[in-house]
file input_3.cif (mmCIF, C-alpha atoms; chains and numbers go by the auth columns)
data_entry
loop_
_atom_site.group_PDB
_atom_site.id
_atom_site.type_symbol
_atom_site.label_atom_id
_atom_site.label_comp_id
_atom_site.label_asym_id
_atom_site.label_seq_id
_atom_site.Cartn_x
_atom_site.Cartn_y
_atom_site.Cartn_z
_atom_site.B_iso_or_equiv
_atom_site.auth_seq_id
_atom_site.auth_asym_id
ATOM 1 C CA ILE A 1 -114.204 -26.388 -171.825 0.00 1 A
ATOM 2 C CA ALA A 2 -116.431 -28.470 -169.559 0.00 2 A
ATOM 3 C CA LYS A 3 -118.148 -31.846 -169.950 0.00 3 A
ATOM 4 C CA ARG A 4 -120.228 -34.003 -167.632 0.00 4 A
ATOM 5 C CA TYR A 5 -122.188 -37.223 -167.910 0.00 5 A
ATOM 6 C CA GLY A 6 -125.261 -36.979 -165.731 0.00 6 A
ATOM 7 C CA GLU A 7 -124.104 -35.739 -162.356 0.00 7 A
ATOM 8 C CA ARG A 8 -120.486 -36.770 -162.937 0.00 8 A
ATOM 9 C CA PRO A 9 -118.117 -34.029 -164.121 0.00 9 A
ATOM 10 C CA VAL A 10 -115.499 -35.361 -166.537 0.00 10 A
ATOM 11 C CA ILE A 11 -113.926 -32.048 -167.521 0.00 11 A
ATOM 12 C CA ALA A 12 -114.441 -28.900 -165.465 0.00 12 A
ATOM 13 C CA ASP A 13 -113.125 -25.558 -166.723 0.00 13 A
ATOM 14 C CA LEU A 14 -110.093 -26.850 -168.599 0.00 14 A
ATOM 15 C CA SER A 15 -108.102 -24.310 -170.621 0.00 15 A
ATOM 16 C CA LEU A 16 -105.409 -25.697 -172.882 0.00 16 A
ATOM 17 C CA ARG A 17 -103.235 -24.544 -175.767 0.00 17 A
ATOM 18 C CA ILE A 18 -101.429 -27.038 -177.977 0.00 18 A
ATOM 19 C CA MET A 19 -98.876 -25.607 -180.377 0.00 19 A
ATOM 20 C CA ARG A 20 -97.319 -27.085 -183.500 0.00 20 A
ATOM 21 C CA GLY A 21 -94.572 -29.534 -182.601 0.00 21 A
ATOM 22 C CA ASP A 22 -95.824 -30.182 -179.055 0.00 22 A
ATOM 23 C CA ARG A 23 -95.837 -33.748 -177.745 0.00 23 A
ATOM 24 C CA VAL A 24 -98.722 -33.908 -175.290 0.00 24 A
ATOM 25 C CA GLY A 25 -99.234 -36.876 -172.984 0.00 25 A
ATOM 26 C CA VAL A 26 -102.787 -37.388 -171.661 0.00 26 A
ATOM 27 C CA VAL A 27 -102.858 -39.415 -168.439 0.00 27 A
ATOM 28 C CA GLY A 28 -105.311 -40.547 -165.807 0.00 28 A
ATOM 29 C CA PRO A 29 -107.013 -43.658 -164.453 0.00 29 A
ATOM 30 C CA ASN A 30 -109.459 -45.653 -166.562 0.00 30 A
ATOM 31 C CA GLY A 31 -112.761 -43.817 -166.836 0.00 31 A
ATOM 32 C CA ALA A 32 -111.246 -40.431 -166.009 0.00 32 A
ATOM 33 C CA GLY A 33 -112.239 -38.955 -169.385 0.00 33 A
ATOM 34 C CA LYS A 34 -109.073 -39.223 -171.471 0.00 34 A
ATOM 35 C CA THR A 35 -110.862 -40.438 -174.599 0.00 35 A
ATOM 36 C CA THR A 36 -113.640 -37.878 -174.052 0.00 36 A
ATOM 37 C CA LEU A 37 -111.027 -35.112 -173.967 0.00 37 A
ATOM 38 C CA ILE A 38 -109.435 -36.387 -177.185 0.00 38 A
ATOM 39 C CA ASP A 39 -112.837 -36.613 -178.885 0.00 39 A
ATOM 40 C CA ILE A 40 -113.660 -33.024 -177.917 0.00 40 A
ATOM 41 C CA LEU A 41 -110.298 -31.745 -179.146 0.00 41 A
ATOM 42 C CA LEU A 42 -110.849 -33.508 -182.485 0.00 42 A
ATOM 43 C CA GLY A 43 -114.486 -32.395 -182.856 0.00 43 A
ATOM 44 C CA ARG A 44 -115.943 -35.887 -182.413 0.00 44 A
ATOM 45 C CA ARG A 45 -117.930 -34.698 -179.389 0.00 45 A
ATOM 46 C CA GLU A 46 -119.079 -31.271 -178.288 0.00 46 A
ATOM 47 C CA PRO A 47 -118.272 -29.818 -174.848 0.00 47 A
ATOM 48 C CA ASP A 48 -121.170 -28.776 -172.639 0.00 48 A
ATOM 49 C CA SER A 49 -119.610 -25.320 -172.459 0.00 49 A
ATOM 50 C CA GLY A 50 -116.567 -23.619 -173.876 0.00 50 A
ATOM 51 C CA GLU A 51 -115.048 -23.698 -177.329 0.00 51 A
ATOM 52 C CA VAL A 52 -112.306 -25.579 -179.143 0.00 52 A
ATOM 53 C CA ILE A 53 -110.450 -23.550 -181.771 0.00 53 A
ATOM 54 C CA ARG A 54 -108.524 -25.725 -184.214 0.00 54 A
ATOM 55 C CA GLY A 55 -105.715 -24.586 -186.452 0.00 55 A
ATOM 56 C CA GLU A 56 -106.281 -24.083 -190.140 0.00 56 A
ATOM 57 C CA ASN A 57 -105.239 -26.928 -192.457 0.00 57 A
ATOM 58 C CA LEU A 58 -105.303 -29.402 -189.574 0.00 58 A
ATOM 59 C CA ALA A 59 -104.855 -32.973 -190.877 0.00 59 A
ATOM 60 C CA VAL A 60 -105.278 -35.703 -188.275 0.00 60 A
ATOM 61 C CA ALA A 61 -104.004 -39.283 -188.184 0.00 61 A
ATOM 62 C CA TYR A 62 -105.728 -41.164 -185.359 0.00 62 A
ATOM 63 C CA VAL A 63 -104.927 -44.594 -183.938 0.00 63 A
ATOM 64 C CA ASP A 64 -107.610 -45.738 -181.495 0.00 64 A
ATOM 65 C CA GLN A 65 -107.267 -48.427 -178.846 0.00 65 A
ATOM 66 C CA ASN A 66 -109.056 -51.035 -180.971 0.00 66 A
ATOM 67 C CA ARG A 67 -107.021 -50.418 -184.166 0.00 67 A
ATOM 68 C CA ALA A 68 -110.421 -50.068 -185.851 0.00 68 A
ATOM 69 C CA ALA A 69 -108.974 -48.397 -188.947 0.00 69 A
ATOM 70 C CA LEU A 70 -107.447 -51.701 -190.095 0.00 70 A
ATOM 71 C CA ASN A 71 -109.389 -53.864 -192.559 0.00 71 A
ATOM 72 C CA MET A 72 -108.885 -57.431 -191.386 0.00 72 A
ATOM 73 C CA ASN A 73 -109.210 -58.729 -194.966 0.00 73 A
ATOM 74 C CA ASP A 74 -106.322 -56.619 -196.262 0.00 74 A
ATOM 75 C CA THR A 75 -102.732 -57.778 -196.343 0.00 75 A
ATOM 76 C CA ILE A 76 -99.969 -55.771 -194.698 0.00 76 A
ATOM 77 C CA TRP A 77 -98.915 -54.573 -198.157 0.00 77 A
ATOM 78 C CA GLN A 78 -102.455 -53.394 -198.995 0.00 78 A
ATOM 79 C CA ALA A 79 -102.759 -51.558 -195.686 0.00 79 A
ATOM 80 C CA LEU A 80 -99.527 -49.662 -196.299 0.00 80 A
ATOM 81 C CA ALA A 81 -100.145 -49.003 -200.013 0.00 81 A
ATOM 82 C CA PRO A 82 -103.950 -48.865 -200.381 0.00 82 A
ATOM 83 C CA MET A 83 -103.720 -47.216 -203.808 0.00 83 A
ATOM 84 C CA GLY A 84 -101.523 -50.004 -205.144 0.00 84 A
ATOM 85 C CA GLY A 85 -97.921 -49.898 -206.272 0.00 85 A
ATOM 86 C CA ASP A 86 -94.820 -50.599 -204.222 0.00 86 A
ATOM 87 C CA GLN A 87 -94.190 -47.204 -202.608 0.00 87 A
ATOM 88 C CA VAL A 88 -95.493 -45.327 -199.591 0.00 88 A
ATOM 89 C CA ILE A 89 -94.954 -41.602 -198.997 0.00 89 A
ATOM 90 C CA VAL A 90 -93.608 -40.951 -195.507 0.00 90 A
ATOM 91 C CA GLY A 91 -92.812 -37.406 -194.425 0.00 91 A
ATOM 92 C CA GLY A 92 -93.069 -36.306 -198.052 0.00 92 A
ATOM 93 C CA ARG A 93 -90.471 -38.851 -199.207 0.00 93 A
ATOM 94 C CA PRO A 94 -91.150 -42.068 -201.147 0.00 94 A
ATOM 95 C CA ARG A 95 -90.223 -45.329 -199.428 0.00 95 A
ATOM 96 C CA HIS A 96 -90.487 -48.859 -200.742 0.00 96 A
ATOM 97 C CA VAL A 97 -93.260 -50.701 -198.930 0.00 97 A
ATOM 98 C CA ALA A 98 -90.933 -53.523 -197.841 0.00 98 A
ATOM 99 C CA ALA A 99 -88.312 -51.122 -196.456 0.00 99 A
ATOM 100 C CA TYR A 100 -90.927 -49.096 -194.576 0.00 100 A
ATOM 101 C CA ALA A 101 -92.547 -52.254 -193.182 0.00 101 A
ATOM 102 C CA GLN A 102 -89.142 -53.373 -191.945 0.00 102 A
ATOM 103 C CA ASP A 103 -88.952 -50.218 -189.809 0.00 103 A
ATOM 104 C CA PHE A 104 -91.900 -51.713 -187.926 0.00 104 A
ATOM 105 C CA LEU A 105 -90.259 -55.136 -187.682 0.00 105 A
ATOM 106 C CA PHE A 106 -92.213 -56.804 -190.498 0.00 106 A
ATOM 107 C CA GLY A 107 -90.146 -59.111 -192.706 0.00 107 A
ATOM 108 C CA PRO A 108 -90.690 -59.418 -196.485 0.00 108 A
ATOM 109 C CA HIS A 109 -92.329 -62.833 -196.017 0.00 109 A
ATOM 110 C CA GLN A 110 -95.106 -61.243 -193.943 0.00 110 A
ATOM 111 C CA LEU A 111 -96.245 -58.583 -196.404 0.00 111 A
ATOM 112 C CA ARG A 112 -98.811 -60.815 -198.122 0.00 112 A
ATOM 113 C CA GLN A 113 -100.292 -62.066 -194.845 0.00 113 A
ATOM 114 C CA PRO A 114 -103.872 -61.008 -194.065 0.00 114 A
ATOM 115 C CA ILE A 115 -104.167 -58.669 -191.110 0.00 115 A
ATOM 116 C CA SER A 116 -106.585 -61.123 -189.508 0.00 116 A
ATOM 117 C CA ALA A 117 -103.656 -63.532 -189.045 0.00 117 A
ATOM 118 C CA LEU A 118 -101.535 -61.027 -187.101 0.00 118 A
ATOM 119 C CA SER A 119 -101.071 -61.011 -183.339 0.00 119 A
ATOM 120 C CA GLY A 120 -102.294 -58.092 -181.229 0.00 120 A
ATOM 121 C CA GLY A 121 -98.813 -56.625 -181.075 0.00 121 A
ATOM 122 C CA GLU A 122 -98.350 -56.935 -184.840 0.00 122 A
ATOM 123 C CA ARG A 123 -101.671 -55.185 -185.452 0.00 123 A
ATOM 124 C CA SER A 124 -100.604 -52.377 -183.136 0.00 124 A
ATOM 125 C CA ARG A 125 -97.346 -51.968 -185.070 0.00 125 A
ATOM 126 C CA LEU A 126 -99.190 -51.972 -188.394 0.00 126 A
ATOM 127 C CA ALA A 127 -101.761 -49.415 -187.225 0.00 127 A
ATOM 128 C CA LEU A 128 -98.904 -47.117 -186.210 0.00 128 A
ATOM 129 C CA ALA A 129 -97.154 -47.643 -189.553 0.00 129 A
ATOM 130 C CA VAL A 130 -100.340 -46.749 -191.447 0.00 130 A
ATOM 131 C CA ALA A 131 -100.913 -43.634 -189.319 0.00 131 A
ATOM 132 C CA LEU A 132 -97.339 -42.373 -189.657 0.00 132 A
ATOM 133 C CA ALA A 133 -97.552 -42.735 -193.447 0.00 133 A
ATOM 134 C CA LYS A 134 -100.581 -40.444 -193.689 0.00 134 A
ATOM 135 C CA PRO A 135 -100.074 -36.817 -194.797 0.00 135 A
ATOM 136 C CA ALA A 136 -101.012 -35.516 -191.341 0.00 136 A
ATOM 137 C CA ASN A 137 -99.674 -32.762 -189.116 0.00 137 A
ATOM 138 C CA LEU A 138 -101.428 -34.015 -185.955 0.00 138 A
ATOM 139 C CA LEU A 139 -100.865 -37.572 -184.786 0.00 139 A
ATOM 140 C CA VAL A 140 -103.237 -38.842 -182.081 0.00 140 A
ATOM 141 C CA LEU A 141 -102.339 -42.157 -180.441 0.00 141 A
ATOM 142 C CA ASP A 142 -104.695 -43.772 -177.921 0.00 142 A
ATOM 143 C CA GLU A 143 -102.740 -46.357 -175.896 0.00 143 A
ATOM 144 C CA PRO A 144 -100.219 -47.036 -178.702 0.00 144 A
ATOM 145 C CA THR A 145 -97.923 -49.136 -176.513 0.00 145 A
ATOM 146 C CA ASN A 146 -100.474 -51.872 -175.791 0.00 146 A
ATOM 147 C CA ASP A 147 -99.109 -55.300 -176.845 0.00 147 A
ATOM 148 C CA LEU A 148 -95.770 -53.859 -177.994 0.00 148 A
ATOM 149 C CA ASP A 149 -92.502 -55.561 -177.069 0.00 149 A
ATOM 150 C CA MET A 150 -89.335 -53.668 -176.157 0.00 150 A
ATOM 151 C CA ASP A 151 -87.963 -53.585 -179.722 0.00 151 A
ATOM 152 C CA SER A 152 -91.270 -52.180 -180.999 0.00 152 A
ATOM 153 C CA LEU A 153 -91.364 -49.582 -178.213 0.00 153 A
ATOM 154 C CA ASP A 154 -87.838 -48.447 -179.067 0.00 154 A
ATOM 155 C CA ALA A 155 -88.756 -48.196 -182.770 0.00 155 A
ATOM 156 C CA LEU A 156 -91.914 -46.191 -181.991 0.00 156 A
ATOM 157 C CA GLU A 157 -90.031 -43.816 -179.696 0.00 157 A
ATOM 158 C CA GLN A 158 -87.464 -43.170 -182.431 0.00 158 A
ATOM 159 C CA MET A 159 -90.133 -42.533 -185.067 0.00 159 A
ATOM 160 C CA LEU A 160 -92.007 -40.110 -182.845 0.00 160 A
ATOM 161 C CA ALA A 161 -88.749 -38.265 -182.189 0.00 161 A
ATOM 162 C CA GLU A 162 -88.372 -37.792 -185.963 0.00 162 A
ATOM 163 C CA TYR A 163 -92.034 -36.845 -186.580 0.00 163 A
ATOM 164 C CA ASP A 164 -92.238 -33.132 -187.381 0.00 164 A
ATOM 165 C CA GLY A 165 -95.913 -32.626 -186.554 0.00 165 A
ATOM 166 C CA THR A 166 -97.819 -32.437 -183.282 0.00 166 A
ATOM 167 C CA VAL A 167 -98.472 -35.538 -181.175 0.00 167 A
ATOM 168 C CA ILE A 168 -101.223 -36.201 -178.628 0.00 168 A
ATOM 169 C CA LEU A 169 -100.544 -39.435 -176.798 0.00 169 A
ATOM 170 C CA VAL A 170 -102.817 -41.271 -174.344 0.00 170 A
ATOM 171 C CA SER A 171 -100.806 -43.800 -172.361 0.00 171 A
ATOM 172 C CA HIS A 172 -100.299 -45.525 -169.010 0.00 172 A
ATOM 173 C CA ASP A 173 -96.673 -46.328 -169.890 0.00 173 A
ATOM 174 C CA ARG A 174 -94.757 -43.956 -167.640 0.00 174 A
ATOM 175 C CA ALA A 175 -91.294 -44.659 -169.042 0.00 175 A
ATOM 176 C CA PHE A 176 -92.540 -44.200 -172.607 0.00 176 A
ATOM 177 C CA LEU A 177 -94.179 -40.880 -171.683 0.00 177 A
ATOM 178 C CA ASP A 178 -90.956 -39.670 -170.074 0.00 178 A
ATOM 179 C CA GLY A 179 -89.063 -40.514 -173.261 0.00 179 A
ATOM 180 C CA VAL A 180 -91.474 -38.921 -175.738 0.00 180 A
ATOM 181 C CA VAL A 181 -93.677 -36.078 -174.472 0.00 181 A
ATOM 182 C CA THR A 182 -92.933 -32.422 -173.777 0.00 182 A
ATOM 183 C CA GLN A 183 -95.967 -31.797 -171.559 0.00 183 A
ATOM 184 C CA ILE A 184 -98.556 -33.771 -169.602 0.00 184 A
ATOM 185 C CA VAL A 185 -102.287 -33.107 -169.280 0.00 185 A
ATOM 186 C CA GLY A 186 -103.532 -35.251 -166.418 0.00 186 A
ATOM 187 C CA ALA A 187 -106.846 -35.998 -164.731 0.00 187 A
ATOM 188 C CA LEU A 188 -106.870 -35.265 -160.994 0.00 188 A
ATOM 189 C CA GLY A 189 -110.436 -36.418 -160.271 0.00 189 A
ATOM 190 C CA GLU A 190 -113.888 -34.786 -160.114 0.00 190 A
ATOM 191 C CA GLY A 191 -113.375 -33.193 -163.517 0.00 191 A
ATOM 192 C CA ARG A 192 -110.168 -31.410 -162.531 0.00 192 A
ATOM 193 C CA TRP A 193 -107.208 -31.505 -164.917 0.00 193 A
ATOM 194 C CA ALA A 194 -103.700 -30.107 -164.673 0.00 194 A
ATOM 195 C CA GLU A 195 -100.997 -29.364 -167.234 0.00 195 A
ATOM 196 C CA THR A 196 -97.285 -29.719 -166.528 0.00 196 A
ATOM 197 C CA PRO A 197 -94.245 -29.195 -168.783 0.00 197 A
ATOM 198 C CA GLY A 198 -92.051 -32.269 -169.108 0.00 198 A
ATOM 199 C CA GLY A 199 -92.919 -35.930 -168.775 0.00 199 A
ATOM 200 C CA TRP A 200 -94.742 -38.226 -166.392 0.00 200 A
ATOM 201 C CA SER A 201 -92.124 -37.872 -163.647 0.00 201 A
ATOM 202 C CA ASP A 202 -92.562 -34.086 -163.631 0.00 202 A
ATOM 203 C CA PHE A 203 -96.355 -34.398 -163.476 0.00 203 A
ATOM 204 C CA GLU A 204 -96.178 -36.971 -160.684 0.00 204 A
ATOM 205 C CA ARG A 205 -93.776 -34.868 -158.657 0.00 205 A
ATOM 206 C CA GLU A 206 -95.913 -31.726 -158.975 0.00 206 A
ATOM 207 C CA HIS A 207 -99.429 -33.128 -158.626 0.00 207 A
ATOM 208 C CA LEU A 208 -99.401 -36.664 -157.229 0.00 208 A
ATOM 209 C CA SER A 209 -96.626 -36.757 -154.641 0.00 209 A
ATOM 210 C CA ALA A 210 -97.694 -36.775 -151.017 0.00 210 A
ATOM 211 C CA PRO A 211 -97.211 -33.379 -149.314 0.00 211 A
#
call {"tool": "encode", "arguments": {"input": "input_3.cif", "output": "structure tokens"}}
result
Amino acid sequence: IAKRYGERPVIADLSLRIMRGDRVGVVGPNGAGKTTLIDILLGRREPDSGEVIRGENLAVAYVDQNRAALNMNDTIWQALAPMGGDQVIVGGRPRHVAAYAQDFLFGPHQLRQPISALSGGERSRLALAVALAKPANLLVLDEPTNDLDMDSLDALEQMLAEYDGTVILVSHDRAFLDGVVTQIVGALGEGRWAETPGGWSDFEREHLSAP
């Protein structure tokens, strides 16, 4: 695929295959085209040339940088159980809302709080909890580690390790990438991208280290 904005190439002749169960880290400086690449992969934008072939029965859960999927008027409980009741289905298994919320470091006393009263880090944790409870086989996380403390990062890393679908992860957090992903797709500038098995350290060593 290829994509440019005016005279500026964002993606030039990128070929990529993502298989079920892959954990793909997308890296690059701000403005390099990471979100554009995600949007093209998900069908939100069209490439200027090339084709994206998506698997059948693809079900996507997407957490964007702005946590826009959250309704600020809802409570934590309503966000996790939008159809009502006291259970949420996670990985095909029923969980009590309070127990599932606790996995994301929310205490029982917080469940009736409006989302508008939460801190940025708490909203990030809630957006991740909502996404992981969706019946999806592709989880797309755009800067999921923003505003997260160390306990939240450890919890997220553990949950992603247990997730049995495919993950596409945009992040600047190098240690988190090393702990989670199985391959890196990184912007090298002028529309060039490279793919490397392993984590950030492998990508850096192969493509960014001085000769």
call {"tool": "closest_atom_pairs", "arguments": {"input": "input_3.cif", "of": "region 76-166 of chain A", "to": "region 38-51 of chain A", "cutoff": "12 Å", "atoms": "all atoms listed in the file", "output": "Markdown table"}}
result
| residue | atom | partner | partner_atom | distance |
| --- | --- | --- | --- | --- |
| A:Leu138 | CA | A:Leu42 | CA | 10.1 |
| A:Leu139 | CA | A:Leu42 | CA | 11.0 |
| A:Val140 | CA | A:Ile38 | CA | 8.3 |
| A:Leu141 | CA | A:Ile38 | CA | 9.7 |
| A:Asp142 | CA | A:Ile38 | CA | 8.8 |
call {"tool": "write_last_selection", "arguments": {"input": "input_3.cif", "atoms": "C-alpha atoms", "output": "mmCIF file, in the frame of the given file"}}
result
data_model
loop_
_atom_site.group_PDB
_atom_site.id
_atom_site.type_symbol
_atom_site.label_atom_id
_atom_site.label_comp_id
_atom_site.auth_asym_id
_atom_site.auth_seq_id
_atom_site.Cartn_x
_atom_site.Cartn_y
_atom_site.Cartn_z
ATOM 1 C CA LEU A 138 -101.428 -34.015 -185.955
ATOM 2 C CA LEU A 139 -100.865 -37.572 -184.786
ATOM 3 C CA VAL A 140 -103.237 -38.842 -182.081
ATOM 4 C CA LEU A 141 -102.339 -42.157 -180.441
ATOM 5 C CA ASP A 142 -104.695 -43.772 -177.921
#
call {"tool": "residues_near_point", "arguments": {"input": "input_3.cif", "point": "(-93.6, -33.1, -173.2)", "cutoff": "10 Å", "atoms": "all atoms listed in the file", "output": "PDB file with C-alpha atoms, in the frame of the given file"}}
result
ATOM      1  CA  ASP A  22     -95.824 -30.182-179.055  1.00  0.00           C
ATOM      2  CA  ARG A  23     -95.837 -33.748-177.745  1.00  0.00           C
ATOM      3  CA  VAL A  24     -98.722 -33.908-175.290  1.00  0.00           C
ATOM      4  CA  GLY A  25     -99.234 -36.876-172.984  1.00  0.00           C
ATOM      5  CA  VAL A 167     -98.472 -35.538-181.175  1.00  0.00           C
ATOM      6  CA  ILE A 168    -101.223 -36.201-178.628  1.00  0.00           C
ATOM      7  CA  LEU A 177     -94.179 -40.880-171.683  1.00  0.00           C
ATOM      8  CA  ASP A 178     -90.956 -39.670-170.074  1.00  0.00           C
ATOM      9  CA  GLY A 179     -89.063 -40.514-173.261  1.00  0.00           C
ATOM     10  CA  VAL A 180     -91.474 -38.921-175.738  1.00  0.00           C
ATOM     11  CA  VAL A 181     -93.677 -36.078-174.472  1.00  0.00           C
ATOM     12  CA  THR A 182     -92.933 -32.422-173.777  1.00  0.00           C
ATOM     13  CA  GLN A 183     -95.967 -31.797-171.559  1.00  0.00           C
ATOM     14  CA  ILE A 184     -98.556 -33.771-169.602  1.00  0.00           C
ATOM     15  CA  VAL A 185    -102.287 -33.107-169.280  1.00  0.00           C
ATOM     16  CA  THR A 196     -97.285 -29.719-166.528  1.00  0.00           C
ATOM     17  CA  PRO A 197     -94.245 -29.195-168.783  1.00  0.00           C
ATOM     18  CA  GLY A 198     -92.051 -32.269-169.108  1.00  0.00           C
ATOM     19  CA  GLY A 199     -92.919 -35.930-168.775  1.00  0.00           C
ATOM     20  CA  TRP A 200     -94.742 -38.226-166.392  1.00  0.00           C
ATOM     21  CA  ASP A 202     -92.562 -34.086-163.631  1.00  0.00           C
TER      22      ASP A 202
END
call {"tool": "resolve_selection", "arguments": {"input": "input_3.cif", "expression": "the PyMOL selection byres ((chain A and resi 114) around 6)", "output": "list of chain:residue names"}}
result
A:Asn73, A:Asp74, A:Thr75, A:Gln113, A:Ile115, A:Ser116, A:Ala117
call {"tool": "resolve_selection", "arguments": {"input": "input_3.cif", "expression": "the PyMOL selection byres ((chain A and resi 80) around 9)", "output": "VMD selection string"}}
result
chain A and resid 75 to 79 81 to 83 87 to 88 97 100 to 101 126 129 to 130 133
call {"tool": "residues_around", "arguments": {"input": "input_3.cif", "residues": "Gly28 (chain A)", "least_positions_apart": "6", "cutoff": "9 Å", "atoms": "only C-alpha atoms", "output": "list in words"}}
result
Lys34, Val170, Ser171, His172, Val185, Gly186, Ala187, Leu188 and Gly189 of chain A
call {"tool": "resolve_selection", "arguments": {"input": "input_3.cif", "expression": "the PyMOL selection byres ((chain A and resi 156-162) around 8)", "output": "list in words"}}
result
Ser152, Leu153, Asp154, Ala155, Tyr163, Asp164, Phe176, Gly179 and Val180 of chain A
call {"tool": "build_atoms", "arguments": {"input": "input_3.cif", "residues": "region 129-140 of chain A", "atoms": "N, CA, C and O atoms", "output": "short mmCIF file (atom, residue, chain, number, x, y, z; two decimals), in the frame of the given file"}}
result
data_model
loop_
_atom_site.label_atom_id
_atom_site.label_comp_id
_atom_site.auth_asym_id
_atom_site.auth_seq_id
_atom_site.Cartn_x
_atom_site.Cartn_y
_atom_site.Cartn_z
N ALA A 129 -97.80 -47.85 -188.25
CA ALA A 129 -97.15 -47.64 -189.55
C ALA A 129 -98.09 -46.95 -190.52
O ALA A 129 -97.69 -46.02 -191.25
N VAL A 130 -99.35 -47.37 -190.55
CA VAL A 130 -100.34 -46.75 -191.45
C VAL A 130 -100.54 -45.28 -191.07
O VAL A 130 -100.58 -44.40 -191.94
N ALA A 131 -100.67 -45.01 -189.77
CA ALA A 131 -100.91 -43.63 -189.32
C ALA A 131 -99.74 -42.72 -189.65
O ALA A 131 -99.93 -41.59 -190.11
N LEU A 132 -98.52 -43.20 -189.43
CA LEU A 132 -97.34 -42.37 -189.66
C LEU A 132 -97.08 -42.12 -191.14
O LEU A 132 -96.33 -41.21 -191.50
N ALA A 133 -97.71 -42.93 -192.00
CA ALA A 133 -97.55 -42.74 -193.45
C ALA A 133 -98.61 -41.79 -194.02
O ALA A 133 -98.55 -41.45 -195.20
N LYS A 134 -99.55 -41.36 -193.20
CA LYS A 134 -100.58 -40.44 -193.69
C LYS A 134 -100.04 -39.02 -193.75
O LYS A 134 -99.20 -38.63 -192.94
N PRO A 135 -100.53 -38.22 -194.70
CA PRO A 135 -100.07 -36.82 -194.80
C PRO A 135 -100.75 -35.97 -193.73
O PRO A 135 -101.61 -35.14 -194.00
N ALA A 136 -100.38 -36.19 -192.47
CA ALA A 136 -101.01 -35.52 -191.34
C ALA A 136 -100.00 -34.63 -190.63
O ALA A 136 -98.80 -34.86 -190.67
N ASN A 137 -100.53 -33.59 -189.95
CA ASN A 137 -99.67 -32.76 -189.12
C ASN A 137 -100.05 -32.87 -187.64
O ASN A 137 -99.47 -32.19 -186.80
N LEU A 138 -101.06 -33.71 -187.33
CA LEU A 138 -101.43 -34.02 -185.96
C LEU A 138 -101.62 -35.52 -185.83
O LEU A 138 -102.48 -36.10 -186.50
N LEU A 139 -100.82 -36.13 -185.00
CA LEU A 139 -100.86 -37.57 -184.79
C LEU A 139 -101.44 -37.83 -183.40
O LEU A 139 -100.89 -37.36 -182.39
N VAL A 140 -102.57 -38.55 -183.34
CA VAL A 140 -103.24 -38.84 -182.08
C VAL A 140 -103.18 -40.35 -181.84
O VAL A 140 -103.68 -41.13 -182.65
#
